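Undergrad: Below are the structure tokens for one structure; questions will follow.
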Amino acid sequence: MEKNLKKSNSDSNDDVPPSTHPSFFIGSSVIPIINKLQDIFAPLGDIDDRLTGLRLPQVAVIGSQSSGKSSVLEALVGRDFLPRGSDICTRRPLVLQLEKRSAGIGNDSLEWGEFAHLPEKRFYDFSAIRREILAETEKEVGVNKGVSDKQIRLKICSPNVLNITLVDLPGITKVPVGDQPSDIEARIRDMIMSYIKQETSIILAVSPANADLANSDALQMAKQVDPTGTRTIGVITKLDIMDKGTNARNFLLGKVIPLRFGYIGVVNRSQEDINNNRPIREALAYEEQFFRDYHVYRGLSDRCGIPQLAKKLNQILEQHIRNVLPTLKTDLTSHLVAVEKELRAYGEALESKGERGAMLLNILTKYSEAFSSEVDGKSQAMTTKELSGGARIHHIFQSIFVKSLEEVDPCEDLSDEDIRIAIHNATGPRNALFVPEVPFEVLVRRQIARLLDPSLQCLRFVHDELIKVDKGISRACETVEMQRFSELRRRLEDVTARFLRDDVKPAERMITNLIDMEMDYINSSHPNFIGGTKAVDMAQNELKTMQVGRPQSDNDRASSAGTSTTRTWGVTSLFGIRGSSVGNSSKRHAAEVVHDINLAPPVIQLKNPPPVLRPGETETEYQVEIIVTKLLITSYYDIVRRNIQDLVPKAIMHYLVNHAKRNLLGTFIEKLYRENLYEDLLREHDDVVIQRRTTVEMCNALRQAVETLDEFVADVSTLSSSDSMDALPNFSYLSSNSYSKSST
């Protein structure tokens, strides 16, 4: 095996025997589940924006610049593969997925790496992995020392690694150097916080022992998001180069900054060791000898060395994953439901003309059906906050149209003087012998004509309700599929508007005809019409009532006026007494007549009539006739009003609303369902196509993730926590008491 390794790798220090590597002791069962989920979601890139709150369990490695993070990770892997330098080495988050493979025969047994951005390409040379990390980093952030939160994903498969996922984050820096951005510290801290604030993240806080441990940047940041230290592991590096007379024993015992999971102290390779390609195997041996010889750390064997870090890290992550698996399954399922709903909103991609035709016909049919449902009050999207659809039309008919007509007084704009003049005009050159019919018919027609405007206005209200943008039925019945196609939506609205506008015309003609019919024939034989005789009786009674309580002088005048009025009803002589004198004068001799003329006074000149002539009688003239006319107008107007209140809504429903329900789909098919229009009507925006594609990918990934968990959960549930640890050494590190016991 060693011979094959040396042939395939340029580094002579990479052949770490499994028996000496810390992962020799590891036998985890649930960590591979997370690794597989990482593989499923890796092609999607950063899923945080799409799947808010969904975070897979992982280990976030944080520390200040040159704290020894890279050395710790390389020691866990057993390989040199990370960029090195005096400045920031990690400038993009490196998601490092370690996959433990059993030793085999042939090339399949070799260690290799694979990048997510270069799938199917295996790197057997780990120095090539380092070069690829550098190249990919510079491709994103350039050759300067800038940083980016875009991940680099690397999988390393080896029989000498843990099954675990680690995220190596850029080192915390204080002062920009060279051409680094001025806000480099804030950007790095924000990036780190986005990872460690998640409850599913284990924080591996790396602090160098040759610095002020009490003010460690890594521990301070971890404390901000994990104040109780329940998910933080402290790693103290470079214990071998601390100042003489100092040590990190109290830190390792948790006496300075307590952490539930405690601390692990390690010894890193020096820069000289790295430059001289000192094998990691030798570095691990040196570390072991250091802790054996340095008496301060005796009794702390479970807190010292890379092997102990690997064991503790694996145990903690193993249990952590078991704890979050039920919640993770729930989160994945809820996100799957939400993404599937979003995908349904985008609809299926249309490839052939047949699919487009079927989709178009389906949309047109659903639109028409939704229109009818809104009118009939059967919509599934019925609101409880306000009236909608057909209920608004009913409100227009009953609460606006009918009620408004009932509040109109037909004689409100007719004064007694208007009626008196109408009577005079209707009698011509004679006095009226009876209540004239002409004034009644003229005046009642004028009142009937007033019903046309509110009737047409009611029609307009209903029409506007059908096409109103915000609350009208046209918008309310839009289908989900139609929202994908802006051109189809525009054309549908245009066709609907034209269709309804055309339907208004026959409804308008019908309403106008209804009013004309009522005006053309005054049916005085209508059973509900009061009639002339009854109206006269009522008028005379009303007049008598009005006269009771008047002063005597007023009654005398009224009596005189009544005599005058009665006279107009009687049959009077056209010539009077003078008629007889005229007859006698005809017998007189012509000479006598001439003699009379010569003796006559001067000719009387009449004044010309004024342009506007009003009757000169008193206000009491035609009192009975005025009252009778008002009673007749009111009675007949009420009959016509009831007819209009009943027939106008029927006309609107028949010619506009119900006609639209019956014929809207046919109009759509006639105007829009044409093969040459399929492409234009069903053209989607580019962003919709892109969103559908990404949503499909996300949906498939979530389904695969849920299926993966379903396959493992049954097995995992049968394993107890103690069973999973049987193959591992038993380390006491979960309480402060264990620290003191192990140090004695």
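Following the order of the structure tokens, chains are lettered A, B, ..., residues in each are numbered from 1, and ligands are numbered from 1.
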Contacts of region 191-193 of chain A at 10 Å or less, counting only C-alpha atoms, minus same-chain residues fewer than 6 places along, as a short mmCIF file (atom, residue, chain, number, x, y, z; two decimals) with all heavy atoms, in the first residue's frame?
TA:
```cif
data_model
loop_
_atom_site.label_atom_id
_atom_site.label_comp_id
_atom_site.auth_asym_id
_atom_site.auth_seq_id
_atom_site.Cartn_x
_atom_site.Cartn_y
_atom_site.Cartn_z
N ALA A 60 -17.59 24.46 12.35
CA ALA A 60 -17.03 25.70 11.84
C ALA A 60 -15.73 25.98 12.57
O ALA A 60 -15.71 26.11 13.80
CB ALA A 60 -18.01 26.85 12.02
N VAL A 61 -14.65 26.07 11.83
CA VAL A 61 -13.32 26.28 12.40
C VAL A 61 -12.99 27.76 12.32
O VAL A 61 -12.91 28.33 11.23
CB VAL A 61 -12.26 25.45 11.66
CG1 VAL A 61 -10.91 25.58 12.37
CG2 VAL A 61 -12.68 23.99 11.58
N ILE A 62 -12.81 28.40 13.48
CA ILE A 62 -12.53 29.83 13.51
C ILE A 62 -11.27 30.09 14.32
O ILE A 62 -10.89 29.30 15.20
CB ILE A 62 -13.71 30.64 14.10
CG1 ILE A 62 -13.92 30.31 15.57
CG2 ILE A 62 -14.98 30.36 13.30
CD1 ILE A 62 -14.95 31.20 16.26
N GLY A 63 -10.63 31.18 14.04
CA GLY A 63 -9.42 31.56 14.76
C GLY A 63 -8.80 32.78 14.13
O GLY A 63 -9.12 33.15 12.99
N ARG A 92 -11.60 32.31 1.22
CA ARG A 92 -12.98 31.88 0.95
C ARG A 92 -13.29 30.71 1.87
O ARG A 92 -12.40 29.91 2.19
CB ARG A 92 -13.14 31.43 -0.52
CG ARG A 92 -13.06 32.55 -1.52
CD ARG A 92 -13.09 32.01 -2.95
NE ARG A 92 -14.28 31.22 -3.23
CZ ARG A 92 -14.52 30.61 -4.41
NH1 ARG A 92 -13.63 30.72 -5.39
NH2 ARG A 92 -15.62 29.93 -4.58
N PRO A 93 -14.53 30.58 2.34
CA PRO A 93 -14.85 29.43 3.19
C PRO A 93 -14.56 28.13 2.45
O PRO A 93 -15.00 27.93 1.31
CB PRO A 93 -16.35 29.60 3.45
CG PRO A 93 -16.64 31.04 3.22
CD PRO A 93 -15.69 31.47 2.14
N VAL A 147 -11.47 38.99 0.49
CA VAL A 147 -12.17 37.76 0.89
C VAL A 147 -13.52 37.71 0.20
O VAL A 147 -14.05 38.71 -0.25
CB VAL A 147 -12.34 37.70 2.42
CG1 VAL A 147 -11.00 37.61 3.12
CG2 VAL A 147 -13.13 38.90 2.92
N SER A 148 -14.09 36.52 0.14
CA SER A 148 -15.41 36.30 -0.43
C SER A 148 -16.12 35.24 0.38
O SER A 148 -15.48 34.32 0.93
CB SER A 148 -15.29 35.85 -1.89
OG SER A 148 -16.54 35.40 -2.38
N ASP A 149 -17.44 35.35 0.48
CA ASP A 149 -18.21 34.34 1.22
C ASP A 149 -18.67 33.19 0.33
O ASP A 149 -19.40 32.31 0.78
CB ASP A 149 -19.42 34.98 1.91
CG ASP A 149 -20.34 35.67 0.92
OD1 ASP A 149 -20.04 35.66 -0.29
OD2 ASP A 149 -21.36 36.22 1.36
N ASP A 168 -13.52 25.60 7.06
CA ASP A 168 -12.38 26.44 7.41
C ASP A 168 -12.69 27.87 6.97
O ASP A 168 -12.79 28.15 5.77
CB ASP A 168 -11.12 25.92 6.71
CG ASP A 168 -9.88 26.70 7.14
OD1 ASP A 168 -9.92 27.33 8.20
OD2 ASP A 168 -8.88 26.67 6.38
N LEU A 169 -12.83 28.76 7.95
CA LEU A 169 -13.20 30.14 7.66
C LEU A 169 -11.97 31.04 7.71
O LEU A 169 -10.98 30.73 8.38
CB LEU A 169 -14.23 30.63 8.68
CG LEU A 169 -15.58 29.88 8.62
CD1 LEU A 169 -16.42 30.21 9.84
CD2 LEU A 169 -16.32 30.23 7.35
N PRO A 170 -12.00 32.17 6.98
CA PRO A 170 -10.85 33.08 6.98
C PRO A 170 -10.46 33.50 8.39
O PRO A 170 -11.30 33.67 9.28
CB PRO A 170 -11.35 34.28 6.16
CG PRO A 170 -12.40 33.71 5.27
CD PRO A 170 -13.07 32.65 6.08
N GLY A 171 -9.16 33.66 8.59
CA GLY A 171 -8.65 34.06 9.90
C GLY A 171 -9.00 35.50 10.23
O GLY A 171 -9.00 36.38 9.37
N ILE A 172 -9.31 35.73 11.51
CA ILE A 172 -9.66 37.07 11.97
C ILE A 172 -8.41 37.95 11.93
O ILE A 172 -7.36 37.59 12.46
CB ILE A 172 -10.21 37.01 13.41
CG1 ILE A 172 -11.38 36.02 13.48
CG2 ILE A 172 -10.64 38.39 13.88
CD1 ILE A 172 -11.78 35.66 14.90
N GLU A 185 -11.63 43.48 8.31
CA GLU A 185 -11.96 42.86 9.60
C GLU A 185 -13.47 42.67 9.73
O GLU A 185 -13.94 41.59 10.12
CB GLU A 185 -11.43 43.72 10.75
CG GLU A 185 -11.77 43.11 12.11
CD GLU A 185 -11.34 44.00 13.28
OE1 GLU A 185 -10.86 45.12 13.03
OE2 GLU A 185 -11.50 43.55 14.44
N ALA A 218 -11.14 34.16 18.82
CA ALA A 218 -12.04 33.04 18.51
C ALA A 218 -12.99 32.78 19.66
O ALA A 218 -14.20 32.59 19.47
CB ALA A 218 -11.22 31.80 18.18
N MET A 221 -15.64 35.64 19.97
CA MET A 221 -16.72 35.55 18.97
C MET A 221 -17.64 34.38 19.27
O MET A 221 -18.87 34.49 19.12
CB MET A 221 -16.12 35.41 17.57
CG MET A 221 -15.45 36.66 17.04
SD MET A 221 -15.15 36.58 15.26
CE MET A 221 -16.84 36.68 14.63
N ALA A 222 -17.07 33.27 19.70
CA ALA A 222 -17.91 32.11 20.04
C ALA A 222 -18.84 32.44 21.20
O ALA A 222 -20.01 32.01 21.22
CB ALA A 222 -17.02 30.92 20.38
N GLN A 224 -20.23 35.23 21.86
CA GLN A 224 -21.34 36.09 21.43
C GLN A 224 -22.55 35.27 20.99
O GLN A 224 -23.69 35.68 21.21
CB GLN A 224 -20.88 37.00 20.29
CG GLN A 224 -19.84 38.02 20.70
CD GLN A 224 -19.41 38.89 19.53
OE1 GLN A 224 -20.21 39.21 18.65
NE2 GLN A 224 -18.15 39.27 19.50
N VAL A 225 -22.31 34.14 20.35
CA VAL A 225 -23.43 33.33 19.82
C VAL A 225 -23.69 32.10 20.68
O VAL A 225 -24.75 31.48 20.56
CB VAL A 225 -23.14 32.92 18.36
CG1 VAL A 225 -23.06 34.14 17.47
CG2 VAL A 225 -21.86 32.10 18.26
#
```
Undergrad: For Glu136 (chain A), which residue among A:Arg692, A:Leu709, A:His117, A:Glu670 is the nearest when counting only C-alpha atoms?
TA: A:His117
Undergrad: If you run DSSP on the backbone here, which positions in region 50-155 of chain A get strand (DSSP E)? Please write them as a list in words.
TA: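 Answer for region 50-155 of chain A restricted to strand (DSSP E) is Gln58, Val59, Ala60, Val61, Ile62, Gly63, Leu94, Val95, Leu96, Gln97, Leu98, Glu99, Lys100, Trp112, Gly113, Glu114, Phe115, Ile152, Arg153, Leu154 and Lys155 of chain A.
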Undergrad: Limited to N, CA, C and O atoms, could you put the picked residues into a file as an mmCIF file, in the first residue's frame?
TA:
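Generated file (out.cif):
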```cif
data_model
loop_
_atom_site.group_PDB
_atom_site.id
_atom_site.type_symbol
_atom_site.label_atom_id
_atom_site.label_comp_id
_atom_site.auth_asym_id
_atom_site.auth_seq_id
_atom_site.Cartn_x
_atom_site.Cartn_y
_atom_site.Cartn_z
ATOM 1 N N GLN A 58 -22.529 20.896 11.125
ATOM 2 C CA GLN A 58 -21.163 20.956 10.625
ATOM 3 C C GLN A 58 -20.278 21.556 11.699
ATOM 4 O O GLN A 58 -20.756 22.069 12.710
ATOM 5 N N VAL A 59 -18.978 21.487 11.468
ATOM 6 C CA VAL A 59 -18.011 22.057 12.398
ATOM 7 C C VAL A 59 -17.395 23.273 11.742
ATOM 8 O O VAL A 59 -16.763 23.165 10.677
ATOM 9 N N ALA A 60 -17.591 24.455 12.350
ATOM 10 C CA ALA A 60 -17.031 25.698 11.838
ATOM 11 C C ALA A 60 -15.730 25.982 12.574
ATOM 12 O O ALA A 60 -15.710 26.114 13.797
ATOM 13 N N VAL A 61 -14.647 26.067 11.825
ATOM 14 C CA VAL A 61 -13.318 26.278 12.401
ATOM 15 C C VAL A 61 -12.990 27.762 12.320
ATOM 16 O O VAL A 61 -12.908 28.326 11.227
ATOM 17 N N ILE A 62 -12.810 28.399 13.480
ATOM 18 C CA ILE A 62 -12.527 29.834 13.511
ATOM 19 C C ILE A 62 -11.265 30.086 14.323
ATOM 20 O O ILE A 62 -10.894 29.298 15.196
ATOM 21 N N GLY A 63 -10.625 31.185 14.035
ATOM 22 C CA GLY A 63 -9.417 31.559 14.757
ATOM 23 C C GLY A 63 -8.799 32.781 14.128
ATOM 24 O O GLY A 63 -9.125 33.148 12.991
ATOM 25 N N LEU A 94 -13.792 27.270 3.086
ATOM 26 C CA LEU A 94 -13.477 25.964 2.508
ATOM 27 C C LEU A 94 -14.301 24.912 3.237
ATOM 28 O O LEU A 94 -14.063 24.622 4.412
ATOM 29 N N VAL A 95 -15.311 24.392 2.547
ATOM 30 C CA VAL A 95 -16.132 23.326 3.117
ATOM 31 C C VAL A 95 -15.405 22.017 2.844
ATOM 32 O O VAL A 95 -15.311 21.561 1.706
ATOM 33 N N LEU A 96 -14.881 21.451 3.896
ATOM 34 C CA LEU A 96 -14.039 20.259 3.793
ATOM 35 C C LEU A 96 -14.829 19.046 4.271
ATOM 36 O O LEU A 96 -15.083 18.887 5.463
ATOM 37 N N GLN A 97 -15.211 18.222 3.331
ATOM 38 C CA GLN A 97 -15.978 17.018 3.659
ATOM 39 C C GLN A 97 -15.027 15.833 3.656
ATOM 40 O O GLN A 97 -14.432 15.495 2.632
ATOM 41 N N LEU A 98 -14.888 15.224 4.807
ATOM 42 C CA LEU A 98 -13.996 14.082 4.954
ATOM 43 C C LEU A 98 -14.819 12.803 4.952
ATOM 44 O O LEU A 98 -15.781 12.680 5.711
ATOM 45 N N GLU A 99 -14.434 11.901 4.099
ATOM 46 C CA GLU A 99 -15.175 10.646 3.952
ATOM 47 C C GLU A 99 -14.239 9.475 4.203
ATOM 48 O O GLU A 99 -13.262 9.273 3.476
ATOM 49 N N LYS A 100 -14.540 8.733 5.223
ATOM 50 C CA LYS A 100 -13.714 7.583 5.577
ATOM 51 C C LYS A 100 -14.051 6.415 4.660
ATOM 52 O O LYS A 100 -15.208 6.053 4.505
ATOM 53 N N TRP A 112 -7.823 10.498 -2.198
ATOM 54 C CA TRP A 112 -8.000 11.445 -3.281
ATOM 55 C C TRP A 112 -8.970 12.549 -2.852
ATOM 56 O O TRP A 112 -9.716 12.405 -1.895
ATOM 57 N N GLY A 113 -8.905 13.656 -3.579
ATOM 58 C CA GLY A 113 -9.798 14.782 -3.331
ATOM 59 C C GLY A 113 -10.603 15.107 -4.568
ATOM 60 O O GLY A 113 -10.192 14.810 -5.699
ATOM 61 N N GLU A 114 -11.758 15.724 -4.348
ATOM 62 C CA GLU A 114 -12.643 16.085 -5.463
ATOM 63 C C GLU A 114 -13.349 17.393 -5.117
ATOM 64 O O GLU A 114 -13.922 17.528 -4.041
ATOM 65 N N PHE A 115 -13.294 18.357 -6.048
ATOM 66 C CA PHE A 115 -13.940 19.652 -5.850
ATOM 67 C C PHE A 115 -15.353 19.632 -6.440
ATOM 68 O O PHE A 115 -15.589 18.999 -7.475
ATOM 69 N N ILE A 152 -15.767 27.235 -1.350
ATOM 70 C CA ILE A 152 -15.076 26.204 -2.125
ATOM 71 C C ILE A 152 -15.373 24.890 -1.421
ATOM 72 O O ILE A 152 -15.155 24.761 -0.215
ATOM 73 N N ARG A 153 -15.872 23.928 -2.160
ATOM 74 C CA ARG A 153 -16.268 22.653 -1.555
ATOM 75 C C ARG A 153 -15.295 21.570 -2.005
ATOM 76 O O ARG A 153 -15.091 21.342 -3.200
ATOM 77 N N LEU A 154 -14.715 20.913 -1.033
ATOM 78 C CA LEU A 154 -13.708 19.880 -1.290
ATOM 79 C C LEU A 154 -14.044 18.629 -0.489
ATOM 80 O O LEU A 154 -14.270 18.704 0.723
ATOM 81 N N LYS A 155 -14.063 17.506 -1.189
ATOM 82 C CA LYS A 155 -14.263 16.219 -0.522
ATOM 83 C C LYS A 155 -12.944 15.446 -0.569
ATOM 84 O O LYS A 155 -12.307 15.354 -1.615
#
```
Undergrad: At a cut-off of 12 Å, using only C-alpha atoms, what residues contact Asp226 (chain A)? Leave out same-chain residues fewer than 6 positions from it and give the result as a CSV table (one decimal) with N, CA, C and O atoms, in the first residue's frame.
TA:
```csv
chain,number,residue,atom,x,y,z
A,193,MET,N,-19.7,35.1,11.6
A,193,MET,CA,-20.9,35.1,12.4
A,193,MET,C,-22.0,34.4,11.7
A,193,MET,O,-22.9,33.7,12.3
A,196,ILE,N,-21.4,30.6,12.6
A,196,ILE,CA,-21.4,30.1,14.0
A,196,ILE,C,-22.7,30.4,14.7
A,196,ILE,O,-22.9,29.9,15.8
A,197,LYS,N,-23.5,31.4,14.2
A,197,LYS,CA,-24.7,31.7,14.9
A,197,LYS,C,-25.8,30.6,14.8
A,197,LYS,O,-26.7,30.6,15.5
A,198,GLN,N,-25.6,29.7,13.8
A,198,GLN,CA,-26.6,28.6,13.6
A,198,GLN,C,-26.4,27.6,14.7
A,198,GLN,O,-25.3,27.2,15.1
A,199,GLU,N,-27.6,27.2,15.3
A,199,GLU,CA,-27.6,26.3,16.4
A,199,GLU,C,-27.1,24.9,16.0
A,199,GLU,O,-26.7,24.1,16.9
A,200,THR,N,-27.1,24.6,14.7
A,200,THR,CA,-26.6,23.3,14.3
A,200,THR,C,-25.1,23.2,14.1
A,200,THR,O,-24.6,22.2,13.7
A,201,SER,N,-24.4,24.4,14.3
A,201,SER,CA,-23.0,24.4,14.1
A,201,SER,C,-22.2,24.1,15.4
A,201,SER,O,-22.5,24.7,16.4
A,202,ILE,N,-21.2,23.3,15.3
A,202,ILE,CA,-20.3,23.1,16.4
A,202,ILE,C,-19.1,24.1,16.1
A,202,ILE,O,-18.6,24.1,15.0
A,203,ILE,N,-18.7,24.8,17.1
A,203,ILE,CA,-17.7,25.9,16.9
A,203,ILE,C,-16.4,25.3,17.4
A,203,ILE,O,-16.2,24.9,18.6
A,204,LEU,N,-15.4,25.2,16.5
A,204,LEU,CA,-14.1,24.8,16.8
A,204,LEU,C,-13.2,26.1,16.9
A,204,LEU,O,-12.8,26.6,15.9
A,205,ALA,N,-13.1,26.6,18.1
A,205,ALA,CA,-12.4,27.9,18.4
A,205,ALA,C,-10.9,27.6,18.6
A,205,ALA,O,-10.5,27.1,19.6
A,218,ALA,N,-11.1,34.2,18.8
A,218,ALA,CA,-12.0,33.0,18.5
A,218,ALA,C,-13.0,32.8,19.7
A,218,ALA,O,-14.2,32.6,19.5
A,219,LEU,N,-12.5,32.8,20.9
A,219,LEU,CA,-13.3,32.5,22.0
A,219,LEU,C,-14.3,33.6,22.3
A,219,LEU,O,-15.5,33.4,22.7
A,220,GLN,N,-13.9,34.9,22.0
A,220,GLN,CA,-14.8,36.0,22.2
A,220,GLN,C,-15.9,36.0,21.2
A,220,GLN,O,-17.1,36.2,21.6
A,232,THR,N,-19.3,24.8,21.9
A,232,THR,CA,-18.0,25.2,21.5
A,232,THR,C,-16.9,24.3,22.0
A,232,THR,O,-17.0,23.9,23.2
A,233,ILE,N,-16.0,24.0,21.2
A,233,ILE,CA,-14.8,23.2,21.6
A,233,ILE,C,-13.6,24.1,21.4
A,233,ILE,O,-13.4,24.7,20.4
A,258,PRO,N,-14.8,28.7,31.0
A,258,PRO,CA,-15.4,27.4,31.0
A,258,PRO,C,-16.2,27.1,29.7
A,258,PRO,O,-16.9,27.9,29.1
A,259,LEU,N,-16.0,25.9,29.2
A,259,LEU,CA,-16.7,25.4,28.0
A,259,LEU,C,-17.3,24.0,28.4
A,259,LEU,O,-16.6,23.2,29.0
A,260,ARG,N,-18.5,23.7,28.0
A,260,ARG,CA,-19.1,22.4,28.3
A,260,ARG,C,-18.3,21.3,27.7
A,260,ARG,O,-18.1,20.3,28.3
```
Undergrad: Can you pull out every residue within 7 Å of Ala370 (chain A), counting only C-alpha atoms, but drop anything in the same chain fewer than 3 positions away, and send it as a ChimeraX atom specification?
TA: /A:366-367,373-374,379,477
Undergrad: From the options A:Leu451, A:Leu162, A:Arg484, A:Gln151, which residue's atoms come nearest to Leu343 (chain A), counting only C-alpha atoms?
TA: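 Under the stated criterion, the closest residue is A:Arg484.
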Undergrad: Give me the residues of region 435-470 of chain A that have any atom at most 10 Å from an atom of region 403-412 of chain A; for each, the nearest atom pair and the distance in Å, rounded to one decimal. Use only C-alpha atoms, sort by chain and number, and format it as CSV.
TA:
```
residue,atom,partner,partner_atom,distance
A:Leu443,CA,A:Cys411,CA,9.3
A:Val444,CA,A:Pro410,CA,8.3
A:Arg446,CA,A:Pro410,CA,9.5
A:Gln447,CA,A:Pro410,CA,6.1
A:Ile448,CA,A:Pro410,CA,8.7
A:Arg450,CA,A:Pro410,CA,9.2
A:Leu451,CA,A:Leu405,CA,7.9
A:Pro454,CA,A:Leu405,CA,8.1
A:Ser455,CA,A:Leu405,CA,9.5
```
Undergrad: Keeping C-alpha atoms for every residue in the selection just given, could you write it to a file as a compact mmCIF listing (two decimals), in the first residue's frame?
TA:
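Full text of selection-v1.txt as output:
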```
# COMPACT_ATOMS: atom_id res chain seq x y z
CA LEU A 443 -96.01 65.87 -16.81
CA VAL A 444 -95.96 62.15 -16.01
CA ARG A 446 -91.38 63.97 -18.01
CA GLN A 447 -91.09 62.19 -14.66
CA ILE A 448 -90.83 58.76 -16.33
CA ARG A 450 -86.06 60.88 -15.39
CA LEU A 451 -85.76 57.12 -14.73
CA PRO A 454 -80.21 56.14 -13.04
CA SER A 455 -81.04 52.99 -15.00
```
Undergrad: Could you tell me how far CA of Ile515 (chain A) sits from CA of Glu437 (chain A), in Å to one decimal place?
TA: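 Result for CA of Glu437 (chain A) versus CA of Ile515 (chain A): 20.5 Å, one decimal.
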Undergrad: If we count only C-alpha atoms and set the cut-off at 10 Å, which residues sit around Arg662 (chain A), ignoring sequence neighbours fewer than 5 positions away in its own chain? Please answer as a PyMOL selection string.
TA: chain A and resi 368+372+657+667
Undergrad: Can you spit out the residues from that selection as a tab-separated table (two decimals), in the first residue's frame, using all heavy atoms?
TA:
```tsv
chain	number	residue	atom	x	y	z
A	368	SER	N	-62.78	31.35	-17.48
A	368	SER	CA	-64.23	31.49	-17.67
A	368	SER	C	-65.00	30.89	-16.50
A	368	SER	O	-65.99	31.46	-16.03
A	368	SER	CB	-64.64	30.83	-18.99
A	368	SER	OG	-63.94	31.39	-20.08
A	372	SER	N	-67.56	32.80	-13.75
A	372	SER	CA	-68.92	32.39	-13.37
A	372	SER	C	-69.01	32.12	-11.87
A	372	SER	O	-70.01	32.46	-11.22
A	372	SER	CB	-69.31	31.13	-14.15
A	372	SER	OG	-69.34	31.40	-15.54
A	657	VAL	N	-74.41	40.32	-17.67
A	657	VAL	CA	-73.77	39.40	-16.75
A	657	VAL	C	-73.92	37.95	-17.21
A	657	VAL	O	-72.93	37.23	-17.42
A	657	VAL	CB	-74.34	39.58	-15.33
A	657	VAL	CG1	-73.66	38.59	-14.36
A	657	VAL	CG2	-74.13	41.01	-14.85
A	667	THR	N	-65.91	33.29	-26.81
A	667	THR	CA	-65.21	34.46	-27.34
A	667	THR	C	-63.70	34.30	-27.21
A	667	THR	O	-62.94	34.64	-28.12
A	667	THR	CB	-65.67	35.72	-26.61
A	667	THR	OG1	-67.08	35.86	-26.75
A	667	THR	CG2	-64.98	36.96	-27.17
```
Undergrad: Given the choices A:Ile321, A:Ile652, A:Val462, A:Met538, which gets closest to Leu56 (chain A) if the distance is worked out from only C-alpha atoms?
TA: A:Ile321
Undergrad: With only C-alpha atoms as the counted atoms, please give the residues lying no more than 12 Å from Ile236 (chain A), apart from itself and same-chain residues fewer than 5 positions off, as a ChimeraX atom specification.
TA: /A:63,67-69,72,204-214,216,218-219,241-242,247-254,262-268,303-306,309
Undergrad: Measuring between only C-alpha atoms, which one of A:Val161, A:Val442, A:Leu350, A:Leu73 shows the shortest distance to Val689 (chain A)?
TA: A:Leu350
